[in-house]
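Remarks on the structure that follows.
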Amino acid sequence: MALLRSPTHAYFGRAKDGPAADAVTVVGDRVELKAHKGICGDRFFGVRAHTEAAVTFLALEAWEAATTGADPLVARRNVMVRGLQLDPLRAVEFEIDCGTGPVRFRGGRPAHPCSWMDSMAGAGARTALIGRGGLSAAVLTDGELRVGPAVIWSPVALDAARAAYQVTRAQPVDIRLMPDRGDGGRR
């Protein structure tokens, strides 16, 4: 898992003009989260229009399948995970516990790639990342995420082997149709 916060915007205007010269990305081993506000110190913290998408997740397997060795930090997603299928978490509440207590999230819309990805990750990256750009989520409880192993609780089945799969539908999974594995969705 990698964690980052971006106190300033980097990608606005035309991609051919390059990212903002004063853009800051802070990569650390922990981030503090506040319920209904997001990641402390991030550019979207407490911004009302972004509270339902205050944190963005990216499966590194999806990034690697879509790009050719580009640094995943250019995606500017807040939480980069390995071995976590993100799409089934759309429209459901889930928890992540990195050993400091669980933090509860509600999965939101897919985090679609922008046209900047062609400039930052290589030609064709934006198209390759469609359906693999990650997941936006709302923060429902205060807490902390740390780099390292984590326990994920989800009411829906998750399959780590599908973390890189491209999502081709716009609507979230209907959890009533998910198979019950008898473990309450814990993975």
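Order determines the names: the first chain of the structure tokens is A, the second B, and so forth; residues in each chain are numbered 1 upward, and ligands are numbered 1 upward as they are shown.
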Notebook entry, point to check: When DSSP works through the backbone of this structure, what residues of segment 90-184 of chain A end up as alpha helix (DSSP H), shown as a list in words?
Noted result: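 Listing alpha helix (DSSP H) positions across segment 90-184 of chain A yields Trp116, Met117, Asp118, Ser119, Met120, Ala121, Ala125, Arg126, Thr127, Ala128 and Leu129 of chain A.
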Could you write out that same residue set with N, CA and C atoms as an mmCIF file, in the first residue's frame?
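The file below, selection_30.cif, is the result:
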data_model
loop_
_atom_site.group_PDB
_atom_site.id
_atom_site.type_symbol
_atom_site.label_atom_id
_atom_site.label_comp_id
_atom_site.auth_asym_id
_atom_site.auth_seq_id
_atom_site.Cartn_x
_atom_site.Cartn_y
_atom_site.Cartn_z
ATOM 1 N N TRP A 116 -4.808 13.958 -18.905
ATOM 2 C CA TRP A 116 -3.437 14.169 -18.434
ATOM 3 C C TRP A 116 -2.640 12.873 -18.391
ATOM 4 N N MET A 117 -3.303 11.749 -18.259
ATOM 5 C CA MET A 117 -2.577 10.487 -18.132
ATOM 6 C C MET A 117 -1.733 10.183 -19.364
ATOM 7 N N ASP A 118 -2.167 10.618 -20.545
ATOM 8 C CA ASP A 118 -1.341 10.426 -21.738
ATOM 9 C C ASP A 118 -0.034 11.205 -21.634
ATOM 10 N N SER A 119 -0.081 12.399 -21.049
ATOM 11 C CA SER A 119 1.129 13.209 -20.880
ATOM 12 C C SER A 119 2.003 12.682 -19.746
ATOM 13 N N MET A 120 1.384 12.208 -18.681
ATOM 14 C CA MET A 120 2.128 11.857 -17.478
ATOM 15 C C MET A 120 2.558 10.390 -17.431
ATOM 16 N N ALA A 121 1.758 9.488 -17.994
ATOM 17 C CA ALA A 121 2.054 8.048 -17.914
ATOM 18 C C ALA A 121 2.395 7.435 -19.266
ATOM 19 N N ALA A 125 -2.168 5.865 -22.317
ATOM 20 C CA ALA A 125 -2.438 5.485 -20.921
ATOM 21 C C ALA A 125 -3.882 5.779 -20.530
ATOM 22 N N ARG A 126 -4.409 6.908 -20.955
ATOM 23 C CA ARG A 126 -5.785 7.255 -20.574
ATOM 24 C C ARG A 126 -6.767 6.191 -21.063
ATOM 25 N N THR A 127 -6.668 5.825 -22.303
ATOM 26 C CA THR A 127 -7.566 4.809 -22.852
ATOM 27 C C THR A 127 -7.386 3.478 -22.133
ATOM 28 N N ALA A 128 -6.165 3.094 -21.880
ATOM 29 C CA ALA A 128 -5.895 1.824 -21.198
ATOM 30 C C ALA A 128 -6.393 1.829 -19.760
ATOM 31 N N LEU A 129 -6.470 3.010 -19.149
ATOM 32 C CA LEU A 129 -6.917 3.106 -17.758
ATOM 33 C C LEU A 129 -8.432 3.214 -17.616
#
Note to self: List the spatial neighbours of Ala75 of chain A as a PyMOL selection string - criterion: any atom at most 12 Å away, only C-alpha atoms, same-chain residues fewer than 4 positions off excluded.
What the structure shows: chain A and resi 4-6+10-11+25+56-60+62-64+66-67+70-71+79-80+111-122+125-126+129+132-134
Only C-alpha atoms, please: the residues just picked out, written as a compact mmCIF listing (two decimals), in the first residue's frame.
# COMPACT_ATOMS: atom_id res chain seq x y z
CA LEU A 4 -0.36 10.12 -0.64
CA ARG A 5 -2.02 13.44 -0.26
CA SER A 6 -1.86 16.33 -2.65
CA ALA A 10 -1.28 19.63 -10.43
CA TYR A 11 -3.40 18.81 -13.47
CA THR A 25 2.44 15.51 -3.64
CA THR A 56 -9.38 7.70 -4.21
CA PHE A 57 -8.10 4.12 -4.35
CA LEU A 58 -5.99 2.58 -7.10
CA ALA A 59 -5.17 -1.11 -7.50
CA LEU A 60 -1.52 -1.27 -8.53
CA ALA A 62 -4.67 -2.32 -12.70
CA TRP A 63 -2.08 0.45 -13.16
CA GLU A 64 0.57 -2.05 -14.18
CA ALA A 66 -2.61 -0.38 -18.28
CA THR A 67 0.76 1.38 -18.36
CA ALA A 70 5.00 4.58 -15.46
CA ASP A 71 5.25 5.72 -11.85
CA VAL A 79 -4.46 4.99 -1.50
CA MET A 80 -2.59 2.57 -3.72
CA ALA A 111 -12.16 7.29 -10.48
CA HIS A 112 -11.90 7.81 -14.22
CA PRO A 113 -8.56 8.75 -15.77
CA CYS A 114 -8.21 12.20 -17.24
CA SER A 115 -6.52 13.27 -20.47
CA TRP A 116 -3.44 14.17 -18.43
CA MET A 117 -2.58 10.49 -18.13
CA ASP A 118 -1.34 10.43 -21.74
CA SER A 119 1.13 13.21 -20.88
CA MET A 120 2.13 11.86 -17.48
CA ALA A 121 2.05 8.05 -17.91
CA GLY A 122 2.63 7.69 -21.65
CA ALA A 125 -2.44 5.48 -20.92
CA ARG A 126 -5.79 7.25 -20.57
CA LEU A 129 -6.92 3.11 -17.76
CA ARG A 132 -9.06 0.64 -14.26
CA GLY A 133 -8.66 4.16 -12.86
CA GLY A 134 -9.68 3.28 -9.34
Notebook entry, point to check: Leaving out Leu86 of chain A and any residue of its chain fewer than 2 positions from it, which residues lie within 7 Å of it when counting only C-alpha atoms, given as a ChimeraX atom specification?
Noted result: /A:84,88-89,134-135,163
Dump of C-alpha atoms for the selected residues, as a PDB file, in the first residue's frame:
ATOM      1  CA  LEU A  84      -7.680  -5.656  -3.633  1.00  0.00           C
ATOM      2  CA  PRO A  88     -17.331  -4.609  -5.999  1.00  0.00           C
ATOM      3  CA  LEU A  89     -16.862  -1.913  -3.334  1.00  0.00           C
ATOM      4  CA  GLY A 134      -9.681   3.278  -9.342  1.00  0.00           C
ATOM      5  CA  LEU A 135     -12.494   4.018  -6.931  1.00  0.00           C
ATOM      6  CA  ALA A 163      -7.697  -6.533  -9.125  1.00  0.00           C
TER       7      ALA A 163
END
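Taking atom CA of Gly108 of chain A and atom CA of Val27 of chain A as the two end points, the separation is 23.5 Å.
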Margin query: For the strand (DSSP E) assignment from backbone DSSP, which residues of segment 23-131 of chain A qualify? Please present them as number ranges by chain.
Written below: A: 26-28, 30-34, 38-39, 55-59, 79-81, 93-97, 102-110
Check: In terms of the shortest atom-to-atom distance over only C-alpha atoms, which of A:Arg43, A:Arg76, A:Arg48, A:Arg90 is closest to Val156 of chain A?
Finding: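 Nearest to Val156 of chain A: A:Arg90.
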Margin query: Could you tell me how far atom CA of Arg146 of chain A sits from atom CA of Thr68 of chain A, in Å to one decimal place?
Written below: 27.3 Å
Quick one: everything within 10 Å of Pro149 of chain A, counting only C-alpha atoms, minus sequence neighbours fewer than 6 positions away in the same chain. Send it as a CSV table (one decimal) with N, CA and C atoms, in the first residue's frame.
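Final file, selection_21.csv:
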chain,number,residue,atom,x,y,z
A,1,MET,N,0.9,-1.2,0.0
A,1,MET,CA,0.0,0.0,0.0
A,1,MET,C,0.9,1.2,0.0
A,81,VAL,N,-3.2,0.3,-3.5
A,81,VAL,CA,-3.3,-1.1,-2.9
A,81,VAL,C,-2.8,-2.1,-3.8
A,82,ARG,N,-2.5,-3.3,-3.3
A,82,ARG,CA,-2.2,-4.4,-4.1
A,82,ARG,C,-3.0,-5.6,-3.5
A,97,ASP,N,-8.4,-1.8,8.1
A,97,ASP,CA,-7.7,-1.7,9.4
A,97,ASP,C,-6.3,-2.1,9.1
A,98,CYS,N,-5.4,-1.1,9.3
A,98,CYS,CA,-4.0,-1.2,9.2
A,98,CYS,C,-3.3,-1.5,10.5
A,99,GLY,N,-4.1,-1.9,11.5
A,99,GLY,CA,-3.5,-2.1,12.8
A,99,GLY,C,-3.8,-1.0,13.8
